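Enquirer: Let me give you the structure first, and then I'll get to my questions.
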Amino acid sequence: MADVGVRVARHEDVVAVTRAQIRAWRLGYREFLPEGPLEQMTGPAAEELWQRQWEEAVDSPPTPRHRLLVAIERVLDTDAFPALGPGGIAAAASSAAPEKVVGLASHAPAEDPDTDPTVTAELLSLLVDPDHIRRGHGSRLLHATVDYLRQDEFSSLIAWVFADNHAMLAFLESSGWGEDGAERVLDMGRPVRMIRMTTDIRP
């Protein structure tokens with residue numbers, strides 16, 4: 001049995017955040033990104049760079065509106081539950097494993113020139129470790145992101161997604177997102193197209 005949730009990242013989460021990102025990219029992007037660039041994005045040198053960047057994001061965010069969230073799991077020992085007896089929950093809690101970071105989401109005020117950063121935010125990353133997908137972590141991360149952005153008085157949210165990342169596009173579309181017509185093309189040895197997705201997050 002697992003206790004799950006989302007919270008703001010702490011310094012001690014950075015290594016696990018980096019590992020989850022690298023693992024998610026290696027598995028999730030291998031179908032549509034060229035092998036060479038993907039290796040550059042996920043190799044040892046890149047992993048060190050990402051870790052330093054996440055450390056800075058957690059320890060010294062540019063503004064309070066820049067935020068990194070983590071999805072966590074804590075595995076409970078169900079054998080510790082006395083059968084219908086008092087104190088079962090307390091017993092399980094006392095035998096719980098430490099929290100494990102299994103996903104991440106980061107957001108910031110949007111920087112695209114056609115957006116207003118006072119009311120539009122960008123979802124910079126939303127990734128779940130491949131060993132922990134299909135457990136609701138992505139949805140919880142997205143919902144928590146929207147909750148924080150509403151507190152910060154944002155009214156819309158954008159995200160740049162690889163056009164061939166069909167899983168991510170389907171997930172966002174199922175959550176009420178849609179394309180806004182903006183595109184960009186990355187040179188990764190061959191053209192790789194990205195599309196901008198958007199959603200209204202007003203209550």
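Convention: chains lettered A, B, ... in structure tokens order; per-chain residue numbering from 1; ligands numbered from 1 as shown.
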So which residues touch Glu179 in chain A within 9 Å, counting only C-alpha atoms, skipping near sequence neighbours fewer than 6 positions away, as a PyMOL selection string?

Expert: chain A and resi 173+195-199

Enquirer: For range 60-70 of chain A, work out the shell of residues within 9 Å, counting only C-alpha atoms and skipping chain neighbours fewer than 6 positions away, then give it as an NGL selection string.

Expert: :A and (5-10 or 13 or 17 or 54 or 101-109 or 121 or 141 or 144-145 or 148-149 or 152)

Enquirer: Using the selection just defined, write its residues with C-alpha atoms as a PDB file, in the first residue's frame.

Expert:
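Dumped everything to part08.pdb:
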```
ATOM      1  CA  GLY A   5       1.045  13.166  -2.614  1.00  0.00           C
ATOM      2  CA  VAL A   6       2.620  16.319  -4.035  1.00  0.00           C
ATOM      3  CA  ARG A   7       4.665  18.973  -2.272  1.00  0.00           C
ATOM      4  CA  VAL A   8       7.152  21.727  -2.997  1.00  0.00           C
ATOM      5  CA  ALA A   9      10.629  20.356  -3.635  1.00  0.00           C
ATOM      6  CA  ARG A  10      13.347  20.605  -1.007  1.00  0.00           C
ATOM      7  CA  ASP A  13      15.109  16.064  -3.340  1.00  0.00           C
ATOM      8  CA  VAL A  17      14.439  14.821  -9.164  1.00  0.00           C
ATOM      9  CA  TRP A  54      17.633  21.990 -10.062  1.00  0.00           C
ATOM     10  CA  VAL A 101      10.372  11.212  -5.189  1.00  0.00           C
ATOM     11  CA  VAL A 102       8.720   9.675  -8.265  1.00  0.00           C
ATOM     12  CA  GLY A 103       7.872  12.690 -10.418  1.00  0.00           C
ATOM     13  CA  LEU A 104       8.269  16.417 -10.876  1.00  0.00           C
ATOM     14  CA  ALA A 105       6.603  19.490 -12.291  1.00  0.00           C
ATOM     15  CA  SER A 106       8.075  22.964 -12.627  1.00  0.00           C
ATOM     16  CA  HIS A 107       6.453  26.241 -13.604  1.00  0.00           C
ATOM     17  CA  ALA A 108       7.309  29.909 -14.015  1.00  0.00           C
ATOM     18  CA  PRO A 109       5.877  33.072 -15.528  1.00  0.00           C
ATOM     19  CA  ALA A 121       2.480  30.854 -16.643  1.00  0.00           C
ATOM     20  CA  LEU A 141       1.220  17.164 -10.202  1.00  0.00           C
ATOM     21  CA  ALA A 144      -1.198  20.985  -7.676  1.00  0.00           C
ATOM     22  CA  THR A 145       0.469  23.197 -10.282  1.00  0.00           C
ATOM     23  CA  TYR A 148      -0.397  27.172  -6.850  1.00  0.00           C
ATOM     24  CA  LEU A 149      -0.790  29.260 -10.010  1.00  0.00           C
ATOM     25  CA  ASP A 152      -0.368  33.501  -7.640  1.00  0.00           C
TER      26      ASP A 152
END
```

Enquirer: Restricting the calculation to only C-alpha atoms, which member of A:Gln40, A:Glu47, A:Ser175, A:Pro34 is positioned closest to His143 in chain A?

Expert: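 Residue with the minimum atom-to-atom distance to His143 in chain A: A:Ser175.
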
Enquirer: Env of Leu27 in chain A: 12 Å cut, atoms = only C-alpha atoms, seq-sep filter 3 positions within chain, self excluded. Answer as a list in words.

Expert: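 The residues that qualify are Ala20, Gln21, Ile22, Arg23, Ala24, Arg30, Glu31, Phe32, Leu33, Glu35, Leu38, Glu39, Thr42, Leu127, Val128, Asp129, Pro130, Asp131, Ile133 and Asn165 of chain A.
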
Enquirer: Please, could you write that set of residues out with N, CA and C atoms as a tab-separated table (two decimals), in the first residue's frame?

Expert:
```tsv
chain	number	residue	atom	x	y	z
A	20	ALA	N	14.82	11.10	-11.82
A	20	ALA	CA	13.49	10.88	-12.39
A	20	ALA	C	13.38	11.54	-13.76
A	21	GLN	N	13.93	12.73	-13.90
A	21	GLN	CA	13.90	13.43	-15.18
A	21	GLN	C	14.66	12.65	-16.24
A	22	ILE	N	15.88	12.22	-15.93
A	22	ILE	CA	16.70	11.50	-16.90
A	22	ILE	C	16.03	10.19	-17.31
A	23	ARG	N	15.50	9.46	-16.34
A	23	ARG	CA	14.84	8.18	-16.65
A	23	ARG	C	13.59	8.40	-17.49
A	24	ALA	N	12.82	9.43	-17.17
A	24	ALA	CA	11.61	9.70	-17.95
A	24	ALA	C	11.95	10.10	-19.37
A	30	ARG	N	12.57	8.34	-26.49
A	30	ARG	CA	13.39	7.54	-27.42
A	30	ARG	C	12.65	7.22	-28.71
A	31	GLU	N	11.33	7.31	-28.69
A	31	GLU	CA	10.56	6.98	-29.89
A	31	GLU	C	10.56	8.10	-30.92
A	32	PHE	N	10.86	9.34	-30.50
A	32	PHE	CA	10.73	10.45	-31.45
A	32	PHE	C	11.90	11.41	-31.48
A	33	LEU	N	12.86	11.29	-30.58
A	33	LEU	CA	14.05	12.15	-30.65
A	33	LEU	C	15.22	11.35	-31.22
A	35	GLU	N	18.79	9.67	-31.58
A	35	GLU	CA	19.55	9.01	-30.53
A	35	GLU	C	20.68	9.87	-29.98
A	38	LEU	N	19.45	12.81	-27.77
A	38	LEU	CA	18.86	12.28	-26.54
A	38	LEU	C	19.96	11.82	-25.58
A	39	GLU	N	21.01	11.22	-26.12
A	39	GLU	CA	22.12	10.81	-25.27
A	39	GLU	C	22.82	12.03	-24.66
A	42	THR	N	20.84	13.21	-21.69
A	42	THR	CA	20.67	12.30	-20.55
A	42	THR	C	21.96	11.63	-20.09
A	127	LEU	N	7.03	15.36	-15.48
A	127	LEU	CA	7.64	14.06	-15.74
A	127	LEU	C	7.41	13.12	-14.56
A	128	VAL	N	7.20	11.86	-14.89
A	128	VAL	CA	7.03	10.82	-13.87
A	128	VAL	C	8.01	9.70	-14.17
A	129	ASP	N	8.68	9.20	-13.14
A	129	ASP	CA	9.61	8.09	-13.32
A	129	ASP	C	8.89	6.91	-13.98
A	130	PRO	N	9.51	6.29	-14.98
A	130	PRO	CA	8.84	5.21	-15.71
A	130	PRO	C	8.34	4.06	-14.84
A	131	ASP	N	8.98	3.82	-13.70
A	131	ASP	CA	8.54	2.73	-12.82
A	131	ASP	C	7.30	3.10	-12.02
A	133	ILE	N	4.58	5.19	-13.43
A	133	ILE	CA	3.53	5.76	-14.27
A	133	ILE	C	2.22	5.02	-14.04
A	165	ASN	N	5.16	13.64	-29.23
A	165	ASN	CA	4.98	13.10	-27.88
A	165	ASN	C	3.48	12.88	-27.66
```

Enquirer: Would you mind listing what lies within 12 Å of Pro191 in chain A as a list in words, with only C-alpha atoms counted and same-chain residues fewer than 2 positions away left out?

Expert: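 Contacts, with the query itself left out: Phe32, Leu33, Pro34, Pro37, Phe162, Ala163, Asp164, Arg184, Val185, Leu186, Asp187, Met188, Gly189, Arg193 and Met194 of chain A.
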
Enquirer: When DSSP is applied to the backbone of this structure, which of range 29-196 of chain A are assigned strand (DSSP E or B)? Write them out as an MDAnalysis selection string.

Expert: chainID A and resid 67:75 100:109 120:128 156:162 178:187 191:196

Enquirer: Going by DSSP on the backbone, which bits of range 117-149 of chain A are helix (DSSP H, G or I)? Write them as JSON, numbers by chain, please.

Expert: {"A": [130, 131, 132, 137, 138, 139, 140, 141, 142, 143, 144, 145, 146, 147, 148, 149]}

Enquirer: Do you have the CA of Ala110 in chain A-CA of Leu172 in chain A distance handy?

Expert: 17.7 Å
